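Undergrad: Shown below is the structure under consideration.
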Amino acid sequence: MTSLPVLTTSPRLAALPVTIANVGLSYDCATTESLLAGMLRLGRKGIPAGCVSGGCGVCKVRIVEGAVQSLGPISRAHVSSEEEANGYTLACRVAPTQAVCLEVAARLRKPFLGSATAVVQRPAS
């Protein structure tokens with residue numbers, strides 16, 4: 001039996017369930033918005049967000065189940081042809097066409113502040 005799409009607040013926009021397997025989070029995403037935009041619109045967290053336009057690669061995911069459609073080109077600097085063939089994509093560049101289960105693939109490799117070995121001391125008053 002095929003389930004019907006879940007509707008968002010607008011009855012004209014069909015939404016489909018998206019599950020982030022790494023963190024056990026689910027949300028509904030419109031078929032006209034990116035997987036990342038759908039998550040951010042609902043104030044959810046689970047997929048790392050950076051530039052939100054495909055330039056940084058922070059939102060790299062692997063589609064485990066379901067299907068997506070491209071909303072624009074995906075930079076080969078972040079997703080190789082081989083990776084794409086294995087289900088990897090950028091969450092900011094694809095929209096769901098079926099219910100989706102994904103895994104977050106991107107990891108920030110550099111700490112934001114670097115090594116915190118120095119300690120600033122205030123002068124005694």
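Ligands are numbered from 1 in the order shown, chains are lettered A, B, ... in the order of the structure tokens, and residues start at 1 in each chain.
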Write out as a ChimeraX atom specification each polymer residue whose atoms come within 12 Å of Val79 in chain A, counting only C-alpha atoms; drop sequence neighbours fewer than 3 positions from it.
TA: /A:54-62,73-76,82-91,93,105-106
Undergrad: Can you pull out the residues contacting range 22-39 of chain A? Cut-off 8 Å, using only C-alpha atoms, and skip same-chain residues under 5 positions away; I want them as a PyMOL selection string.
TA: chain A and resi 6+8+13-17+44-47+49+52+59+71+91-97+103-104
Undergrad: Separation of CA of Leu102 in chain A and CA of Val18 in chain A, in Å?
TA: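 Straight-line distance from CA of Leu102 in chain A to CA of Val18 in chain A works out to 7.6 Å.
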Undergrad: Quick one: distance from CA of Glu65 in chain A to CA of Ala21 in chain A in Å, one decimal?
TA: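 Computed distance, CA of Glu65 in chain A to CA of Ala21 in chain A, equals 10.4 Å.
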Undergrad: Could you jot down the CA of Gly66 in chain A to CA of Leu42 in chain A separation for me, Å, one decimal place?
TA: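 These atoms are spaced 20.9 Å apart.
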